[in-house]
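Colleague: Structure supplied as upload15.txt; contents: compact mmCIF, C-alpha atoms.
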# COMPACT_ATOMS: atom_id res chain seq x y z
CA MET I 1 0.00 0.00 0.00
CA GLY I 2 1.35 3.41 -0.95
CA TYR I 3 1.60 6.48 1.21
CA LEU I 4 0.49 9.85 0.02
CA HIS I 5 1.55 13.28 1.26
CA ASP I 6 0.77 16.17 -1.08
CA THR I 7 1.19 19.71 0.24
CA HIS I 8 -0.17 21.42 -2.90
CA MET I 9 -3.84 20.46 -2.80
CA SER I 10 -6.71 22.93 -3.22
CA GLN I 11 -10.48 22.68 -3.38
CA TYR I 12 -12.78 25.12 -5.13
CA ILE I 13 -15.97 25.92 -3.20
CA PRO I 14 -18.67 27.46 -5.40
CA PRO I 15 -20.88 30.33 -4.22
CA THR I 16 -23.89 28.03 -4.45
CA ALA I 17 -22.52 26.24 -1.39
CA PHE I 18 -22.36 29.46 0.65
CA HIS I 19 -24.83 30.08 3.48
CA CYS I 20 -25.83 33.74 3.44
CA VAL I 21 -27.96 35.52 6.02
CA THR I 22 -29.04 39.09 6.70
CA GLY I 23 -29.65 40.73 3.37
CA THR I 24 -31.19 39.72 0.07
CA TYR I 25 -29.03 37.21 -1.77
CA THR I 26 -29.68 35.86 -5.26
CA ASP I 27 -27.87 33.67 -7.74
CA ALA I 28 -26.72 36.01 -10.48
CA ALA I 29 -24.23 36.18 -13.30
CA GLY I 30 -20.88 37.56 -12.22
CA ALA I 31 -19.54 40.89 -13.46
CA VAL I 32 -17.30 38.96 -15.88
CA SER I 33 -19.34 37.08 -18.46
CA GLY I 34 -19.23 33.34 -17.83
CA THR I 35 -18.70 33.63 -14.08
CA ILE I 36 -21.30 33.07 -11.37
CA ALA I 37 -22.01 34.86 -8.14
CA LYS I 38 -24.15 34.98 -5.07
CA HIS I 39 -25.22 38.61 -5.20
CA ARG I 40 -26.08 40.66 -2.12
CA ALA I 41 -28.40 43.58 -2.84
CA ALA I 42 -27.70 46.98 -1.35
CA ALA I 43 -28.84 47.28 2.26
CA ALA I 44 -27.42 49.08 5.24
CA SER I 45 -26.94 46.03 7.40
CA THR I 46 -24.38 43.40 8.30
CA GLY I 47 -24.40 40.37 6.05
CA VAL I 48 -22.99 37.10 7.33
CA ILE I 49 -21.68 34.55 4.84
CA ASN I 50 -20.73 31.11 6.10
CA ILE I 51 -18.51 29.16 3.73
CA PRO I 52 -18.49 25.42 4.43
CA ILE I 53 -15.02 23.99 3.91
CA ILE I 54 -15.69 20.95 1.78
CA LEU I 55 -12.69 18.71 2.32
CA PRO I 56 -12.28 15.01 3.04
CA SER I 57 -11.77 14.24 6.71
CA ASN I 58 -10.27 11.23 8.39
CA SER I 59 -10.87 9.49 11.68
CA ILE I 60 -7.17 8.62 12.03
CA ASP I 61 -4.91 11.22 13.66
CA LEU I 62 -2.69 13.18 11.29
CA LYS I 63 -4.38 11.80 8.18
CA GLY I 64 -6.84 13.19 5.65
CA ALA I 65 -6.92 16.93 4.98
CA TYR I 66 -4.68 19.42 6.80
CA LEU I 67 -6.37 22.78 6.30
CA LYS I 68 -3.96 25.70 5.99
CA SER I 69 -5.75 28.63 4.38
CA VAL I 70 -8.85 29.69 2.51
CA GLU I 71 -9.00 32.26 -0.27
CA VAL I 72 -12.27 34.08 -0.88
CA ASP I 73 -13.04 35.80 -4.19
CA TYR I 74 -15.61 38.60 -4.06
CA GLU I 75 -16.33 42.01 -5.43
CA CYS I 76 -17.62 45.16 -3.73
CA LEU I 77 -19.64 47.19 -6.22
CA LEU I 78 -21.02 50.72 -6.36
CA ALA I 79 -19.40 51.74 -3.06
CA ALA I 80 -17.00 50.48 -0.43
CA ALA I 81 -18.27 48.35 2.40
CA THR I 82 -17.60 49.52 5.94
CA SER I 83 -15.61 46.39 6.72
CA ILE I 84 -15.11 42.79 5.60
CA THR I 85 -13.88 40.56 8.39
CA ALA I 86 -13.11 36.84 8.33
CA THR I 87 -13.34 34.48 11.26
CA MET I 88 -13.45 30.71 11.39
CA ASN I 89 -15.42 28.26 13.44
CA LYS I 90 -14.68 24.64 14.18
CA ILE I 91 -17.90 22.70 14.64
CA THR I 92 -17.66 19.48 16.54
CA ARG I 93 -20.74 17.54 15.57
CA GLY I 94 -23.07 16.47 18.31
CA ALA I 95 -23.79 12.86 19.07
CA ASP I 96 -27.39 11.83 18.59
CA GLY I 97 -29.37 13.87 21.12
CA SER I 98 -26.58 16.38 21.65
CA VAL I 99 -25.92 19.80 20.24
CA ALA I 100 -22.83 20.66 18.24
CA VAL I 101 -19.99 22.51 19.92
CA VAL I 102 -18.51 25.58 18.28
CA ALA I 103 -14.98 26.82 18.88
CA ALA I 104 -13.34 29.81 17.26
CA VAL I 105 -10.23 29.11 15.21
CA THR I 106 -7.51 31.77 15.19
CA VAL I 107 -6.97 33.15 11.71
CA THR I 108 -5.38 36.15 10.05
CA GLN I 109 -6.50 37.88 6.87
CA ASP I 110 -4.12 39.46 4.38
CA LEU I 111 -6.35 42.46 3.58
CA THR I 112 -7.20 45.01 6.25
CA ALA I 113 -10.86 44.65 7.16
CA ALA I 114 -11.91 48.32 7.03
CA THR I 115 -9.82 49.38 4.04
CA ASP I 116 -8.23 47.00 1.55
CA ALA I 117 -10.80 44.26 2.04
CA ALA I 118 -13.74 46.63 1.85
CA ASP I 119 -13.02 49.00 -1.01
CA GLU I 120 -14.95 49.06 -4.26
CA ASP I 121 -12.90 46.53 -6.22
CA GLN I 122 -12.30 42.86 -6.98
CA HIS I 123 -10.96 41.05 -3.95
CA LYS I 124 -8.98 37.91 -3.28
CA LEU I 125 -8.94 37.65 0.49
CA THR I 126 -6.58 35.04 1.92
CA VAL I 127 -7.42 33.79 5.39
CA THR I 128 -4.62 31.80 7.04
CA LEU I 129 -5.04 29.55 10.04
CA THR I 130 -2.48 30.39 12.71
CA THR I 131 -2.29 26.69 13.47
CA PRO I 132 -3.33 24.46 10.56
CA VAL I 133 -5.73 21.68 11.46
CA TRP I 134 -6.20 18.01 10.61
CA ILE I 135 -9.91 17.57 10.02
CA ASP I 136 -11.41 14.76 12.05
CA ASN I 137 -14.48 12.96 10.76
CA ASP I 138 -16.57 14.44 13.59
CA VAL I 139 -15.56 18.00 12.82
CA GLU I 140 -16.46 20.54 10.18
CA TYR I 141 -15.11 24.02 9.52
CA LEU I 142 -16.98 27.17 8.54
CA LEU I 143 -15.27 30.31 7.33
CA VAL I 144 -17.40 33.27 8.37
CA ILE I 145 -17.31 36.50 6.41
CA THR I 146 -18.95 39.41 8.18
CA ALA I 147 -19.73 42.21 5.74
CA VAL I 148 -20.71 45.49 7.37
CA CYS I 149 -22.44 47.35 4.56
CA GLY I 150 -23.71 50.84 3.98
CA GLY I 151 -26.82 51.54 1.98
CA THR I 152 -25.24 51.53 -1.49
CA VAL I 153 -22.67 48.76 -1.68
CA THR I 154 -23.58 45.48 -3.37
CA ILE I 155 -21.40 42.38 -3.10
CA ASP I 156 -20.78 39.57 -5.58
CA LEU I 157 -19.47 36.44 -3.88
CA LEU I 158 -17.63 34.49 -6.56
CA GLY I 159 -16.30 31.46 -4.72
CA ALA I 160 -13.56 30.25 -2.42
CA VAL I 161 -10.57 27.94 -2.53
CA ALA I 162 -9.33 25.92 0.43
CA ASN I 163 -5.62 25.06 0.48
CA PHE I 164 -4.61 21.90 2.26
CA THR I 165 -2.21 19.01 2.54
CA LEU I 166 -3.61 15.60 1.77
CA ARG I 167 -2.14 12.63 3.58
CA SER I 168 -3.45 9.10 3.29
CA MET W 1 6.24 8.03 -0.89
CA GLY W 2 3.58 6.34 -2.95
CA SER W 3 1.71 7.83 -5.84
CA ILE W 4 -1.75 7.59 -7.29
CA HIS W 5 -2.66 7.64 -10.94
CA ASP W 6 -6.27 6.59 -11.33
CA THR W 7 -8.00 7.22 -14.65
CA HIS W 8 -11.41 6.08 -13.49
CA MET W 9 -12.34 8.76 -10.96
CA SER W 10 -15.75 10.45 -10.99
CA GLN W 11 -17.37 13.11 -8.85
CA TYR W 12 -21.13 13.53 -8.43
CA ILE W 13 -22.30 17.14 -8.33
CA PRO W 14 -25.77 17.49 -6.81
CA PRO W 15 -28.39 19.83 -8.27
CA THR W 16 -28.40 21.81 -5.03
CA LEU W 17 -25.04 23.23 -6.10
CA PHE W 18 -26.26 24.26 -9.54
CA HIS W 19 -26.44 28.01 -10.16
CA CYS W 20 -29.71 28.75 -11.94
CA VAL W 21 -30.79 32.14 -13.24
CA THR W 22 -33.75 33.33 -15.28
CA GLY W 23 -36.87 31.43 -14.40
CA THR W 24 -38.64 30.27 -11.30
CA TRP W 25 -36.43 27.59 -9.82
CA THR W 26 -37.32 25.37 -6.91
CA ILE W 27 -35.90 22.37 -5.15
CA ALA W 28 -38.29 19.53 -5.92
CA ALA W 29 -38.64 15.79 -5.94
CA GLY W 30 -37.54 14.19 -9.20
CA GLN W 31 -39.92 12.30 -11.47
CA VAL W 32 -38.63 9.04 -10.07
CA ALA W 33 -39.49 8.68 -6.40
CA GLY W 34 -36.43 9.14 -4.25
CA THR W 35 -34.57 11.38 -6.68
CA ILE W 36 -34.00 15.10 -6.30
CA CYS W 37 -33.87 17.94 -8.75
CA LYS W 38 -33.85 21.64 -9.38
CA HIS W 39 -37.06 22.33 -11.25
CA VAL W 40 -37.81 25.29 -13.46
CA ALA W 41 -41.41 26.27 -14.04
CA ALA W 42 -42.92 26.81 -17.47
CA THR W 43 -42.23 30.17 -19.09
CA ASP W 44 -41.03 31.13 -22.55
CA GLU W 45 -37.53 32.26 -21.60
CA ALA W 46 -33.87 31.34 -21.79
CA SER W 47 -32.71 29.92 -18.49
CA VAL W 48 -29.03 29.61 -17.69
CA ILE W 49 -27.79 26.76 -15.51
CA THR W 50 -24.17 26.86 -14.44
CA ILE W 51 -22.64 23.76 -12.93
CA PRO W 52 -19.54 24.23 -10.76
CA ILE W 53 -17.12 21.34 -11.23
CA LEU W 54 -16.10 20.30 -7.74
CA LEU W 55 -12.71 18.67 -8.10
CA HIS W 56 -9.48 18.95 -6.20
CA SER W 57 -6.92 21.18 -7.83
CA ASN W 58 -3.19 21.27 -7.36
CA SER W 59 -0.53 23.95 -7.66
CA SER W 60 1.99 21.44 -9.04
CA ALA W 61 1.95 20.91 -12.79
CA LEU W 62 0.41 17.66 -14.03
CA LYS W 63 -0.94 16.77 -10.59
CA GLY W 64 -4.36 16.83 -9.00
CA SER W 65 -7.39 16.41 -11.23
CA HIS W 66 -7.26 15.98 -15.00
CA LEU W 67 -10.80 16.70 -16.13
CA VAL W 68 -11.85 14.56 -19.08
CA SER W 69 -15.64 14.86 -19.42
CA ILE W 70 -18.83 15.94 -17.71
CA GLU W 71 -22.16 14.14 -17.83
CA ILE W 72 -25.32 16.12 -17.11
CA ASP W 73 -28.57 14.41 -16.19
CA PHE W 74 -31.75 16.36 -16.85
CA GLU W 75 -35.28 15.90 -18.01
CA ILE W 76 -37.33 18.01 -20.38
CA LEU W 77 -41.01 17.77 -19.59
CA VAL W 78 -44.33 18.72 -21.22
CA ALA W 79 -42.86 20.34 -24.35
CA ALA W 80 -39.53 20.49 -26.14
CA CYS W 81 -37.17 23.39 -25.65
CA ASP W 82 -36.60 25.74 -28.56
CA ALA W 83 -32.85 25.34 -28.13
CA LEU W 84 -30.32 24.00 -25.64
CA ALA W 85 -26.56 24.35 -25.76
CA ALA W 86 -23.62 23.97 -23.40
CA VAL W 87 -20.38 25.85 -22.89
CA VAL W 88 -17.43 24.68 -20.80
CA ASN W 89 -15.58 27.62 -19.26
CA LYS W 90 -12.24 27.62 -17.49
CA VAL W 91 -12.14 30.49 -15.02
CA THR W 92 -8.73 31.79 -13.98
CA ARG W 93 -9.24 33.63 -10.72
CA GLY W 94 -8.18 37.23 -10.49
CA ALA W 95 -5.54 38.52 -8.10
CA ASP W 96 -6.80 41.03 -5.55
CA GLY W 97 -7.90 44.04 -7.58
CA ALA W 98 -8.19 42.14 -10.84
CA VAL W 99 -11.08 40.46 -12.60
CA ALA W 100 -11.24 36.77 -13.41
CA VAL W 101 -10.51 35.61 -16.94
CA VAL W 102 -12.88 33.21 -18.66
CA ALA W 103 -11.80 30.93 -21.50
CA ALA W 104 -14.22 28.66 -23.34
CA GLN W 105 -12.93 25.13 -23.80
CA THR W 106 -13.44 23.04 -26.90
CA PHE W 107 -15.53 19.95 -26.39
CA THR W 108 -17.77 17.52 -28.23
CA TYR W 109 -21.26 16.34 -27.39
CA ASP W 110 -22.00 12.64 -27.22
CA ALA W 111 -23.63 11.00 -30.23
CA GLY W 112 -27.07 11.36 -28.69
CA HIS W 113 -26.74 15.13 -28.25
CA ASP W 114 -24.54 16.30 -31.10
CA THR W 115 -27.40 17.77 -33.08
CA ALA W 116 -29.60 20.56 -31.81
CA SER W 117 -32.79 18.51 -32.12
CA GLU W 118 -31.39 15.75 -29.92
CA ARG W 119 -30.80 18.15 -27.05
CA ILE W 120 -34.29 19.65 -26.86
CA ASP W 121 -36.81 16.82 -26.99
CA VAL W 122 -39.15 15.79 -24.21
CA ASP W 123 -37.21 12.97 -22.62
CA GLN W 124 -34.69 12.00 -20.00
CA HIS W 125 -31.24 13.21 -21.00
CA LYS W 126 -27.73 12.12 -20.11
CA MET W 127 -25.64 14.60 -22.06
CA THR W 128 -21.89 14.00 -22.10
CA LEU W 129 -19.46 16.79 -22.87
CA THR W 130 -15.99 15.51 -23.66
CA LEU W 131 -13.13 17.98 -23.62
CA SER W 132 -11.04 17.94 -26.77
CA THR W 133 -8.03 18.57 -24.55
CA PRO W 134 -8.46 17.40 -20.95
CA ILE W 135 -7.47 19.97 -18.34
CA TRP W 136 -5.18 19.75 -15.33
CA ILE W 137 -6.89 22.08 -12.88
CA ASP W 138 -4.50 24.53 -11.27
CA ASN W 139 -5.23 25.94 -7.80
CA ASP W 140 -6.02 29.32 -9.35
CA GLU W 141 -8.59 27.86 -11.73
CA TYR W 142 -12.00 26.27 -11.71
CA ILE W 143 -14.34 24.93 -14.32
CA LEU W 144 -17.95 25.94 -14.92
CA VAL W 145 -20.34 24.22 -17.33
CA GLU W 146 -22.98 26.64 -18.56
CA ILE W 147 -26.18 25.36 -20.13
CA THR W 148 -28.53 27.76 -21.82
CA ALA W 149 -32.01 26.31 -22.20
CA ASP W 150 -34.35 28.34 -24.36
CA LYS W 151 -37.68 27.02 -23.16
CA ALA W 152 -41.03 27.08 -24.89
CA ALA W 153 -44.02 28.47 -23.00
CA THR W 154 -45.01 25.11 -21.52
CA THR W 155 -41.59 23.50 -21.13
CA THR W 156 -40.48 22.55 -17.66
CA MET W 157 -37.13 21.04 -16.77
CA ASP W 158 -35.74 18.93 -13.97
CA MET W 159 -31.98 19.20 -13.42
CA LEU W 160 -30.98 15.97 -11.66
CA GLY W 161 -27.23 16.32 -11.24
CA ALA W 162 -23.92 15.95 -13.00
CA VAL W 163 -20.87 13.73 -12.86
CA ALA W 164 -17.35 14.88 -13.66
CA ASN W 165 -14.99 12.19 -14.96
CA TYR W 166 -11.31 12.73 -14.31
CA THR W 167 -7.92 11.26 -13.68
CA LEU W 168 -6.52 11.73 -10.20
CA ARG W 169 -2.75 11.95 -9.92
CA LEU W 170 -1.06 12.65 -6.60
With the file now loaded, output its structure as structure tokens.
Modeller:
Amino acid sequence: MGYLHDTHMSQYIPPTAFHCVTGTYTDAAGAVSGTIAKHRAAAASTGVINIPIILPSNSIDLKGAYLKSVEVDYECLLAAATSITATMNKITRGADGSVAVVAAVTVTQDLTAATDAADEDQHKLTVTLTTPVWIDNDVEYLLVITAVCGGTVTIDLLGAVANFTLRS
Amino acid sequence: MGSIHDTHMSQYIPPTLFHCVTGTWTIAAGQVAGTICKHVAATDEASVITIPILLHSNSSALKGSHLVSIEIDFEILVAACDALAAVVNKVTRGADGAVAVVAAQTFTYDAGHDTASERIDVDQHKMTLTLSTPIWIDNDEYILVEITADKAATTTMDMLGAVANYTLRL
């Protein structure tokens, strides 16, 4: 039996997999013809976008997917947002009859929340886990984007890419 | 270190991940009990269904997923479409501050869908799109299959899912 250890793996996560609350979100064509987006209409409120990290997990320690970073592609249109902030949650699934347990994961983002990440432009926001994680089969990860919006800005969420090591 | 080179890999893509615009789309039961679909109601309009191809990518050349073909399962109900065509787009993601770049890929339809009339009739469809040049998917790229279905006034459609066929090399 072979042994696999590839540090260059990535997984595209389409906007149709995103979980978007607070605001009016619709599937729409992206600003570039041929692309797709989850579009948030203008509203002075704080939108919350949960991005499920769709990677294989493994019940054996130190095997499966080792999540290192997530890149999020989006566009702020018509105006700047007030801020775009990324956080991450680790969800430990509940046993039957039990609730899940949520724990914050420490991450850093490469674009400053209130300026570079929020201006009217195309964005590629890289969110890096301070301590990468092996994903257990009883755990799932959600990247949370909190978009504080004024009354004019609209947002096109284009997709995300999770970067990981695969070991099996 | 071992290696994997498997030419028989496939990935199911459920209809819940399909991106559907123009038309009234709902999540519904399929025609066959126990199946699921995205259903578009009858209206004379051109609906666009974009299917994100969910495969692993890899930043190393000639590694990861080598996409060969995509099969799309759908059903045209009540009346034939006026037209139906597919496009396979490779999207190269933009750097921060830059737009993405879209490049259409050359492909062929299967023998049952390589004429316009074969793609629009009232029937169950398994339409296979085979890339003329299979693609190694880089970590800065993803693939979208876009189907434009020009429906007649009474046409409804059930999108059942898709399967991407690829070689996995790690």
Colleague: Could you jot down the CA of Val48 (chain I) to CA of Thr24 (chain W) separation for me, Å, one decimal place?
Modeller: 25.3 Å
Colleague: Sorted by chain and rising residue number, list the residues of chain W at most 8 Å from chain I (counting all atoms listed in the file), each with its closest atom pair and distance in Å to one decimal, as CSV.
Modeller:
residue,atom,partner,partner_atom,distance
W:Met1,CA,I:Tyr3,CA,5.3
W:Gly2,CA,I:Gly2,CA,4.2
W:Ser3,CA,I:Leu4,CA,6.3
W:Ile4,CA,I:Leu4,CA,8.0
W:Thr16,CA,I:Thr16,CA,7.7
W:Leu17,CA,I:Thr16,CA,5.2
W:Phe18,CA,I:Thr16,CA,6.8
W:His19,CA,I:Thr16,CA,6.3
W:Cys20,CA,I:Asp27,CA,6.7
W:Val21,CA,I:Ala28,CA,6.3
W:Thr50,CA,I:Ile36,CA,7.5
W:Pro52,CA,I:Pro14,CA,6.3
W:Leu54,CA,I:Tyr12,CA,6.4
W:Leu55,CA,I:Gln11,CA,6.6
W:His56,CA,I:Gln11,CA,4.8
W:Ser57,CA,I:Ser10,CA,4.9
W:Asn58,CA,I:Met9,CA,4.7
W:Ser59,CA,I:His8,CA,5.4
W:Ser60,CA,I:His8,CA,6.5
W:Gly64,CA,I:Met9,CA,7.2
W:Asn89,CA,I:Gly34,CA,6.9
W:Val91,CA,I:Thr35,CA,7.3
W:Arg93,CA,I:Asp73,CA,7.9
W:Gly94,CA,I:Lys124,CA,7.3
W:Ala95,CA,I:Lys124,CA,6.0
W:Asp96,CA,I:Lys124,CA,4.4
W:Gly97,CA,I:Gln122,CA,4.6
W:Ala98,CA,I:Gln122,CA,5.7
W:Val99,CA,I:Gln122,CA,6.2
W:Ala100,CA,I:Val32,CA,6.9
W:Val101,CA,I:Val32,CA,7.6
W:Val102,CA,I:Gly34,CA,6.4
W:Asn139,CA,I:Ser10,CA,5.7
W:Tyr142,CA,I:Tyr12,CA,6.7
W:Leu144,CA,I:Thr35,CA,7.8
W:Glu146,CA,I:Gly34,CA,7.7
W:Leu170,CA,I:Asp6,CA,6.8
Colleague: Using only C-alpha atoms, pick whichever of W:His125, W:His66, W:Arg119, W:His39 has the shortest atom-to-atom distance to Ala80 (chain W).
Modeller: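 So, comparing all the options, the nearest one is W:Arg119.
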Colleague: Find, counting all atoms listed in the file, the residue in I:Ala147, I:Val107, I:Cys20, I:Ala100 that gets nearest to Val133 (chain I).
Modeller: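 For Val133 (chain I), the nearest of the candidates is I:Val107.
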Colleague: Leaving out Thr108 (chain W) and any residue of its chain fewer than 5 positions from it, which residues lie within 8 Å of it when counting all atoms listed in the file, given as a PyMOL selection string?
Modeller: chain W and resi 114+129-132
Colleague: How many Å separate CA of Ile147 (chain W) from CA of Arg40 (chain I)?
Modeller: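 Those two atoms sit 23.6 Å apart.
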Colleague: What's around Thr130 (chain I) at 10 Å? Count only C-alpha atoms, leave out sequence neighbours fewer than 6 positions away in its own chain, and write the answer as a ChimeraX atom specification.
Modeller: /I:68-69,105-108
Colleague: Grab all the atoms of region 30-46 of chain I that the file lists, wrap them in a box along x, y and z, add 6 Å per side, and give me centre plus edge lengths in Å (one decimal) as lines of an AutoDock Vina configuration file.
Modeller:
center_x = -23.1
center_y = 41.1
center_z = -5.1
size_x = 23.5
size_y = 28.0
size_z = 38.8
